[in-house]
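Student: For reference, the file coords08.cif (mmCIF, C-alpha atoms and all ligand atoms) is included below:
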data_coords
loop_
_atom_site.label_atom_id
_atom_site.label_comp_id
_atom_site.auth_asym_id
_atom_site.auth_seq_id
_atom_site.Cartn_x
_atom_site.Cartn_y
_atom_site.Cartn_z
CA MET A 18 32.12 8.39 -33.54
CA LYS A 19 30.74 10.79 -30.98
CA HIS A 20 27.60 8.67 -30.85
CA LEU A 21 29.63 5.53 -30.24
CA PHE A 22 31.54 7.22 -27.45
CA THR A 23 28.29 8.33 -25.78
CA MET A 24 26.95 4.79 -26.07
CA LEU A 25 30.07 3.30 -24.47
CA LEU A 26 29.90 5.87 -21.70
CA VAL A 27 26.28 4.93 -20.95
CA LEU A 28 27.15 1.23 -21.01
CA SER A 29 30.07 1.66 -18.63
CA ILE A 30 28.32 3.97 -16.18
CA ALA A 31 24.88 2.56 -15.81
CA PRO A 32 24.14 -0.84 -17.32
CA GLY A 33 21.03 -1.10 -15.13
CA LEU A 34 19.56 1.98 -16.73
CA LEU A 35 19.54 0.53 -20.23
CA ALA A 36 16.06 -0.85 -19.75
CA ARG A 37 13.48 1.12 -21.73
CA GLU A 38 12.67 4.34 -19.96
CA ASP A 39 8.96 3.66 -20.18
CA ASP A 40 9.19 0.17 -18.66
CA ASN A 41 7.23 1.28 -15.61
CA THR A 42 4.44 3.21 -17.26
CA PHE A 43 1.52 1.83 -19.16
CA THR A 44 -2.09 3.01 -19.34
CA ARG A 45 -4.95 1.44 -21.19
CA ALA A 46 -8.51 2.69 -21.62
CA VAL A 47 -11.36 0.30 -20.82
CA GLY A 48 -14.43 2.31 -21.83
CA GLN A 49 -14.45 5.18 -19.33
CA TRP A 50 -11.83 3.53 -17.11
CA GLN A 51 -8.20 4.55 -17.42
CA VAL A 52 -6.21 1.61 -16.11
CA THR A 53 -2.58 2.27 -15.21
CA LEU A 54 0.16 -0.22 -14.37
CA LEU A 55 1.93 0.50 -11.05
CA THR A 56 4.90 -1.85 -10.95
CA GLU A 57 7.22 -2.57 -8.06
CA GLY A 58 9.68 -3.93 -10.60
CA GLN A 59 10.49 -6.63 -13.15
CA HIS A 60 12.26 -9.89 -12.26
CA GLU A 61 13.37 -13.28 -13.56
CA GLY A 62 11.40 -16.04 -11.86
CA ARG A 63 13.07 -19.35 -11.06
CA ALA A 64 11.89 -22.79 -12.18
CA ALA A 65 12.31 -24.00 -8.58
CA ILE A 66 8.92 -22.46 -7.69
CA LEU A 67 7.11 -24.60 -10.30
CA VAL A 68 5.16 -27.65 -9.15
CA GLY A 69 4.41 -30.37 -11.69
CA ALA A 70 6.53 -29.08 -14.60
CA THR A 71 8.09 -31.88 -16.68
CA ARG A 72 11.61 -31.76 -18.11
CA GLU A 73 10.01 -31.28 -21.53
CA MET A 74 8.11 -28.20 -20.30
CA LEU A 75 11.19 -26.77 -18.59
CA ALA A 76 13.16 -27.15 -21.82
CA THR A 77 10.94 -24.41 -23.29
CA ILE A 78 12.31 -21.74 -20.90
CA PRO A 79 15.95 -20.70 -21.38
CA ASN A 80 18.22 -20.91 -18.29
CA GLY A 81 15.33 -22.23 -16.21
CA THR A 82 14.02 -18.70 -15.66
CA PHE A 83 11.02 -16.75 -16.89
CA PRO A 84 10.14 -13.03 -16.96
CA GLY A 85 7.91 -11.78 -14.15
CA ALA A 86 7.00 -8.65 -12.21
CA THR A 87 5.18 -7.45 -9.13
CA ASN A 88 2.32 -5.14 -10.09
CA ALA A 89 -0.63 -3.22 -8.78
CA PHE A 90 -3.08 -1.31 -10.97
CA LEU A 91 -4.87 2.03 -10.70
CA ALA A 92 -8.30 2.39 -12.33
CA ARG A 93 -9.81 5.85 -12.70
CA SER A 94 -13.22 6.80 -14.03
CA GLY A 95 -14.55 10.32 -13.58
CA ASP A 96 -13.96 11.19 -9.91
CA LEU A 97 -13.60 7.59 -8.78
CA ILE A 98 -10.08 6.35 -7.99
CA VAL A 99 -9.66 2.62 -7.47
CA LEU A 100 -6.46 0.85 -6.48
CA ILE A 101 -6.25 -2.88 -7.21
CA ASP A 102 -3.71 -4.46 -4.82
CA THR A 103 -0.87 -2.39 -3.36
CA GLY A 104 2.37 -4.23 -4.24
CA TYR A 105 5.12 -4.19 -1.63
CA GLY A 106 4.45 -0.50 -0.99
CA LYS A 107 8.00 0.38 -2.08
CA ARG A 108 7.63 2.12 -5.44
CA LEU A 109 3.83 2.34 -5.26
CA PHE A 110 3.73 5.76 -3.61
CA ASP A 111 6.22 7.28 -6.06
CA HIS A 112 4.06 6.05 -8.94
CA LEU A 113 0.93 7.54 -7.38
CA GLN A 114 2.70 10.85 -6.81
CA ALA A 115 3.90 10.89 -10.44
CA LEU A 116 0.26 10.42 -11.49
CA GLY A 117 -0.85 13.27 -9.23
CA VAL A 118 -2.85 10.96 -6.96
CA SER A 119 -2.48 11.33 -3.20
CA PRO A 120 -3.10 8.19 -1.10
CA ALA A 121 -5.89 10.03 0.77
CA GLU A 122 -7.74 10.44 -2.54
CA ILE A 123 -8.03 6.70 -3.17
CA ASP A 124 -11.75 5.90 -2.88
CA VAL A 125 -11.61 2.12 -3.19
CA VAL A 126 -8.97 -0.58 -2.69
CA LEU A 127 -9.75 -3.99 -4.21
CA LEU A 128 -7.58 -6.77 -2.77
CA THR A 129 -7.11 -9.97 -4.79
CA HIS A 130 -5.61 -11.76 -1.76
CA MET A 131 -3.44 -11.05 1.26
CA HIS A 132 0.11 -12.13 0.40
CA GLY A 133 2.76 -9.54 1.33
CA ASP A 134 3.44 -8.49 -2.27
CA HIS A 135 -0.23 -7.45 -2.58
CA ILE A 136 -0.98 -5.81 0.77
CA GLY A 137 2.49 -4.36 1.49
CA GLY A 138 1.32 -0.87 0.54
CA MET A 139 -1.70 -0.90 2.88
CA ILE A 140 0.38 0.21 5.86
CA ARG A 141 2.89 3.04 5.60
CA ASP A 142 5.03 4.07 8.58
CA GLY A 143 2.75 2.05 10.84
CA GLU A 144 -0.37 3.93 9.73
CA LYS A 145 -3.16 3.29 7.26
CA ALA A 146 -1.88 4.37 3.85
CA PHE A 147 -5.42 4.82 2.49
CA PRO A 148 -7.44 6.41 5.30
CA ASN A 149 -10.46 7.27 3.13
CA ALA A 150 -10.75 4.12 1.00
CA ARG A 151 -13.41 1.44 1.16
CA VAL A 152 -11.43 -1.82 1.15
CA TYR A 153 -12.98 -4.81 -0.66
CA LEU A 154 -11.84 -8.23 0.51
CA PRO A 155 -13.32 -11.70 -0.11
CA ARG A 156 -14.80 -13.10 3.12
CA GLN A 157 -12.94 -16.42 2.65
CA GLU A 158 -9.64 -14.55 2.47
CA HIS A 159 -10.48 -12.55 5.60
CA ASP A 160 -11.41 -15.69 7.56
CA TYR A 161 -8.25 -17.59 6.50
CA TRP A 162 -5.78 -14.84 7.40
CA MET A 163 -7.49 -13.96 10.68
CA GLN A 164 -6.57 -17.50 11.80
CA GLN A 165 -2.90 -16.96 10.91
CA HIS A 166 -2.35 -14.04 13.34
CA GLY A 167 0.32 -12.42 11.11
CA ASN A 168 0.75 -9.17 9.17
CA ALA A 169 -2.43 -9.76 7.17
CA ALA A 170 -4.50 -10.05 10.36
CA ARG A 171 -2.91 -6.86 11.71
CA MET A 172 -3.78 -5.05 8.49
CA ILE A 173 -7.37 -6.29 8.72
CA GLU A 174 -7.70 -4.95 12.27
CA LEU A 175 -6.24 -1.57 11.28
CA TYR A 176 -8.77 -1.22 8.43
CA ARG A 177 -11.68 -2.96 10.18
CA GLU A 178 -14.10 0.00 9.91
CA GLN A 179 -13.36 0.48 6.20
CA LEU A 180 -13.61 -3.20 5.24
CA HIS A 181 -16.27 -4.48 2.89
CA LEU A 182 -16.31 -8.29 2.95
CA PHE A 183 -18.02 -10.09 0.06
CA LEU A 184 -18.41 -13.53 -1.49
CA PRO A 185 -16.87 -13.65 -5.00
CA GLY A 186 -19.11 -15.29 -7.61
CA GLU A 187 -18.32 -17.72 -10.41
CA ALA A 188 -17.11 -16.56 -13.84
CA ARG A 189 -19.97 -18.41 -15.59
CA ASP A 190 -22.51 -16.38 -13.54
CA GLY A 191 -20.74 -13.08 -14.19
CA GLY A 192 -19.29 -12.79 -10.68
CA THR A 193 -20.52 -10.60 -7.81
CA PRO A 194 -21.38 -6.94 -8.55
CA LEU A 195 -19.43 -4.71 -6.13
CA LEU A 196 -19.56 -1.20 -7.62
CA PRO A 197 -20.85 0.14 -10.94
CA GLY A 198 -18.55 -1.46 -13.53
CA ILE A 199 -16.73 -3.74 -11.07
CA ARG A 200 -17.41 -7.39 -10.29
CA GLY A 201 -15.57 -9.90 -8.11
CA ILE A 202 -14.94 -13.33 -9.67
CA SER A 203 -13.50 -16.19 -7.62
CA ALA A 204 -10.21 -17.88 -8.48
CA PHE A 205 -9.73 -19.78 -5.21
CA GLY A 206 -6.70 -22.01 -4.65
CA HIS A 207 -3.63 -19.77 -4.76
CA THR A 208 -5.10 -18.62 -1.44
CA PRO A 209 -8.50 -19.66 -0.03
CA GLY A 210 -10.22 -16.40 -1.08
CA HIS A 211 -8.10 -15.40 -4.10
CA CYS A 212 -10.30 -13.18 -6.28
CA THR A 213 -10.14 -11.51 -9.69
CA TYR A 214 -11.85 -8.22 -10.58
CA LEU A 215 -13.73 -7.57 -13.82
CA LEU A 216 -13.85 -3.93 -14.92
CA GLU A 217 -16.56 -3.01 -17.41
CA SER A 218 -17.49 0.21 -19.17
CA ARG A 219 -19.24 1.01 -22.45
CA GLY A 220 -19.03 -2.57 -23.67
CA GLU A 221 -15.32 -2.92 -22.92
CA ARG A 222 -13.94 -5.21 -20.25
CA LEU A 223 -10.68 -6.04 -18.48
CA LEU A 224 -10.13 -8.86 -16.00
CA VAL A 225 -7.51 -7.98 -13.38
CA TRP A 226 -6.62 -11.52 -12.42
CA GLY A 227 -4.25 -11.08 -9.46
CA ASP A 228 -2.06 -14.17 -9.09
CA LEU A 229 -3.85 -16.44 -11.55
CA ALA A 230 -0.38 -17.09 -13.01
CA HIS A 231 3.12 -16.51 -11.64
CA ALA A 232 5.12 -18.00 -14.52
CA MET A 233 3.38 -16.91 -17.72
CA ALA A 234 5.95 -18.65 -19.95
CA ILE A 235 5.00 -22.02 -18.43
CA GLN A 236 1.50 -21.61 -17.01
CA MET A 237 -0.09 -20.28 -20.22
CA PRO A 238 0.92 -23.26 -22.39
CA TYR A 239 0.62 -25.62 -19.38
CA PRO A 240 -2.06 -24.30 -16.96
CA ALA A 241 -1.83 -27.49 -14.86
CA VAL A 242 1.58 -26.43 -13.50
CA ALA A 243 1.23 -24.92 -10.01
CA VAL A 244 3.66 -22.93 -7.85
CA THR A 245 5.04 -23.51 -4.37
CA TYR A 246 3.17 -20.39 -3.14
CA ASP A 247 -0.24 -21.97 -3.86
CA VAL A 248 -2.08 -22.83 -0.63
CA ASP A 249 -4.16 -25.41 -2.56
CA PRO A 250 -2.31 -26.18 -5.84
CA ALA A 251 -5.00 -28.49 -7.29
CA ARG A 252 -7.70 -25.89 -6.74
CA ALA A 253 -5.45 -23.15 -8.15
CA VAL A 254 -5.11 -25.22 -11.34
CA THR A 255 -8.88 -25.69 -11.63
CA SER A 256 -9.41 -21.94 -11.17
CA ARG A 257 -6.71 -21.10 -13.73
CA GLU A 258 -8.29 -23.41 -16.30
CA ALA A 259 -11.77 -21.95 -15.66
CA ILE A 260 -10.62 -18.31 -15.92
CA LEU A 261 -8.48 -18.95 -19.03
CA SER A 262 -11.44 -20.62 -20.69
CA PHE A 263 -13.69 -17.69 -19.64
CA VAL A 264 -11.42 -14.87 -20.92
CA THR A 265 -10.68 -16.57 -24.24
CA ARG A 266 -14.32 -17.51 -24.87
CA GLU A 267 -15.49 -13.97 -24.01
CA LYS A 268 -12.43 -12.23 -25.54
CA ILE A 269 -11.72 -10.29 -22.34
CA PRO A 270 -8.28 -8.64 -22.05
CA VAL A 271 -6.41 -9.37 -18.81
CA ALA A 272 -4.04 -7.69 -16.37
CA GLY A 273 -1.87 -9.66 -13.93
CA MET A 274 0.10 -8.89 -10.81
CA HIS A 275 3.06 -11.05 -11.92
CA VAL A 276 2.84 -10.46 -15.66
CA ALA A 277 6.00 -8.74 -16.99
CA TYR A 278 5.75 -5.26 -18.48
CA PRO A 279 3.25 -3.99 -19.60
CA GLY A 280 1.28 -6.34 -17.29
CA ILE A 281 -1.76 -6.14 -19.59
CA GLY A 282 -2.63 -8.08 -22.73
CA ARG A 283 -4.87 -10.77 -24.11
CA VAL A 284 -4.89 -14.55 -24.07
CA GLU A 285 -5.40 -16.85 -27.06
CA GLU A 286 -6.15 -20.56 -26.96
CA VAL A 287 -3.48 -22.19 -29.13
CA SER A 288 -4.76 -25.76 -28.82
CA PRO A 289 -7.39 -27.22 -26.45
CA GLY A 290 -6.34 -26.27 -22.89
CA SER A 291 -3.13 -24.57 -23.98
CA TYR A 292 -2.79 -20.79 -24.19
CA ARG A 293 -0.58 -17.93 -25.32
CA PHE A 294 -0.37 -14.42 -23.85
CA ILE A 295 0.01 -11.41 -26.16
CA PRO A 296 1.20 -8.25 -24.34
CA ALA A 297 -0.81 -5.09 -25.08
CA THR A 298 2.41 -3.46 -26.36
CA GLN A 299 2.50 -6.05 -29.19
CA GLN A 300 -1.05 -5.43 -30.31
CA GLY A 301 -0.43 -2.14 -32.06
CA GLU A 302 -2.32 -0.33 -29.29
ZN ZN L 1 1.74 -12.40 -5.60
#
Show this structure as structure tokens.
Ligand SMILES: [Zn+2]
Tutor:
Amino acid sequence: MKHLFTMLLVLSIAPGLLAREDDNTFTRAVGQWQVTLLTEGQHEGRAAILVGATREMLATIPNGTFPGATNAFLARSGDLIVLIDTGYGKRLFDHLQALGVSPAEIDVVLLTHMHGDHIGGMIRDGEKAFPNARVYLPRQEHDYWMQQHGNAARMIELYREQLHLFLPGEARDGGTPLLPGIRGISAFGHTPGHCTYLLESRGERLLVWGDLAHAMAIQMPYPAVAVTYDVDPARAVTSREAILSFVTREKIPVAGMHVAYPGIGRVEEVSPGSYRFIPATQQGE
């Protein structure tokens, strides 16, 4: 009875707090890397952003919505602290503080692309949030956003002296080596220089795939569905198909910036060209 009363009290006071307490925290080892989810929050995506979804495909998602999130990831190995994307920069700094990491201690920032939900944390109160980091950015992404003269270009100018521009390689060639245990692999299309990062250590791997998919519930079974945010939807589809084929063939776990909690898992090919994502929390890990 007392238990029931407590439950009703919780329900009436704070329905928003009923989500699992650990919904924002998840760490997975990849050899010597400790990879930690830094989420800005979970959300329900809307079918309106999907391009090329048939009525039959949409019937597979209830209410025309699908679970999503906005994530960044922290990868630590020995003394090296690497941040992969920076979210909106809203909850990012609280997460870092909770992990005992000060922004000045970040050695490397790897940017998958320059949309606001990925570079939002780069500037804090008008200043560089990561004054001591080397910032890796695909050259194609740099060139595209410099022509747009917006927030991304301003961020580039602020970090100019810390920027390391590179050309991401193809998955089939193993990508472009950037640092020990980190390679850049192209997934162009979502934006012109959209890039994924492959972490490797002691025979274990994890592909942090940025925005390879925004609507996992639709784009895993149907990778040919694009989203309205894609700069070049056809190329985004080709990249998605190539990366999905790569990670399933090589059995590489993945982490995604719009994959709902825990943001990390593995992909299985269910039938030719059609996939299923299994969250790391459902793998008994
Ligand atoms: Zn995004």
Student: Rank nothing, just name the residue among A:Leu55, A:Ala251, A:Leu229, A:Ile269 nearest to Arg108 in chain A, using all atoms listed in the file.
Tutor: A:Leu55
Student: Using only C-alpha atoms, can you list as a list in words the residues within 7 Å of (1.8, -26.8, -10.2)?
Tutor: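 Those within range, by chain then number, are Leu67, Val68, Gly69, Ala70, Ala241, Val242, Ala243, Val244 and Pro250 of chain A.
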Student: Quick one: residues within 8 Å of ligand ZN 1 (chain L), with all atoms listed in the file, as a PyMOL selection string?
Tutor: chain A and resi 87+132-135+227-228+231+274-275
Student: Keeping only C-alpha atoms, write those residues as a short mmCIF file (atom, residue, chain, number, x, y, z; two decimals), keeping the file's coordinate frame.
Tutor:
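So the final result, stored in again_20.cif, reads:
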data_model
loop_
_atom_site.label_atom_id
_atom_site.label_comp_id
_atom_site.auth_asym_id
_atom_site.auth_seq_id
_atom_site.Cartn_x
_atom_site.Cartn_y
_atom_site.Cartn_z
CA THR A 87 5.18 -7.45 -9.13
CA HIS A 132 0.11 -12.13 0.40
CA GLY A 133 2.76 -9.54 1.33
CA ASP A 134 3.44 -8.49 -2.27
CA HIS A 135 -0.23 -7.45 -2.58
CA GLY A 227 -4.25 -11.08 -9.46
CA ASP A 228 -2.06 -14.17 -9.09
CA HIS A 231 3.12 -16.51 -11.64
CA MET A 274 0.10 -8.89 -10.81
CA HIS A 275 3.06 -11.05 -11.92
#
Student: Per residue of range 155-214 of chain A within 12 Å of range 90-99 of chain A, note the shortest atom pair and the distance in Å to one decimal, counting only C-alpha atoms, and order the rows by chain and increasing residue number, as a tab-separated table.
Tutor:
residue	atom	partner	partner_atom	distance
A:Leu196	CA	A:Val99	CA	10.6
A:Pro197	CA	A:Ser94	CA	10.6
A:Gly198	CA	A:Ser94	CA	9.8
A:Ile199	CA	A:Val99	CA	10.2
A:Tyr214	CA	A:Phe90	CA	11.2
Student: Per residue of range 189-224 of chain A within 12 Å of range 279-292 of chain A, what are the shortest atom pair and its distance in Å to one decimal, counting all atoms listed in the file, with rows by chain and residue number, as JSON lines?
Tutor:
{"residue": "A:Arg222", "atom": "CA", "partner": "A:Arg283", "partner_atom": "CA", "distance": 11.3}
{"residue": "A:Leu223", "atom": "CA", "partner": "A:Ile281", "partner_atom": "CA", "distance": 9.0}
{"residue": "A:Leu224", "atom": "CA", "partner": "A:Ile281", "partner_atom": "CA", "distance": 9.5}
Student: Quick one: of A:Val271, A:Leu216, A:Ala65, A:Met233, who's nearest to Gly85 in chain A, counting all atoms listed in the file?
Tutor: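 Looking only at the distances to Gly85 in chain A, the closest residue turns out to be A:Met233.
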Student: Identify, on the basis of all atoms listed in the file, every residue whose closest approach to Gly58 in chain A does not exceed 8 Å; exclude the query and any residue fewer than 6 positions from it along the same chain; express the result as a PyMOL selection string.
Tutor: chain A and resi 41+86-88
Student: With only C-alpha atoms as the basis for distance, which of A:Pro185, A:Gly220, A:Pro240, A:Gly137 is at the shortest distance from Ser203 in chain A?
Tutor: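 Answer, going by the shortest atom-to-atom distance: A:Pro185.
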Student: For Trp226 in chain A, which residue among A:Arg189, A:Lys145, A:Arg156, A:His211 is the nearest when counting all atoms listed in the file?
Tutor: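 Smallest separation from Trp226 in chain A among the options: A:His211.
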Student: Tell me which of A:Leu175, A:Ala169, A:Ala277, A:Leu100 sits closest to Pro148 in chain A, counting only C-alpha atoms.
Tutor: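 Counting only C-alpha atoms, the residue closest to Pro148 in chain A is A:Leu175.
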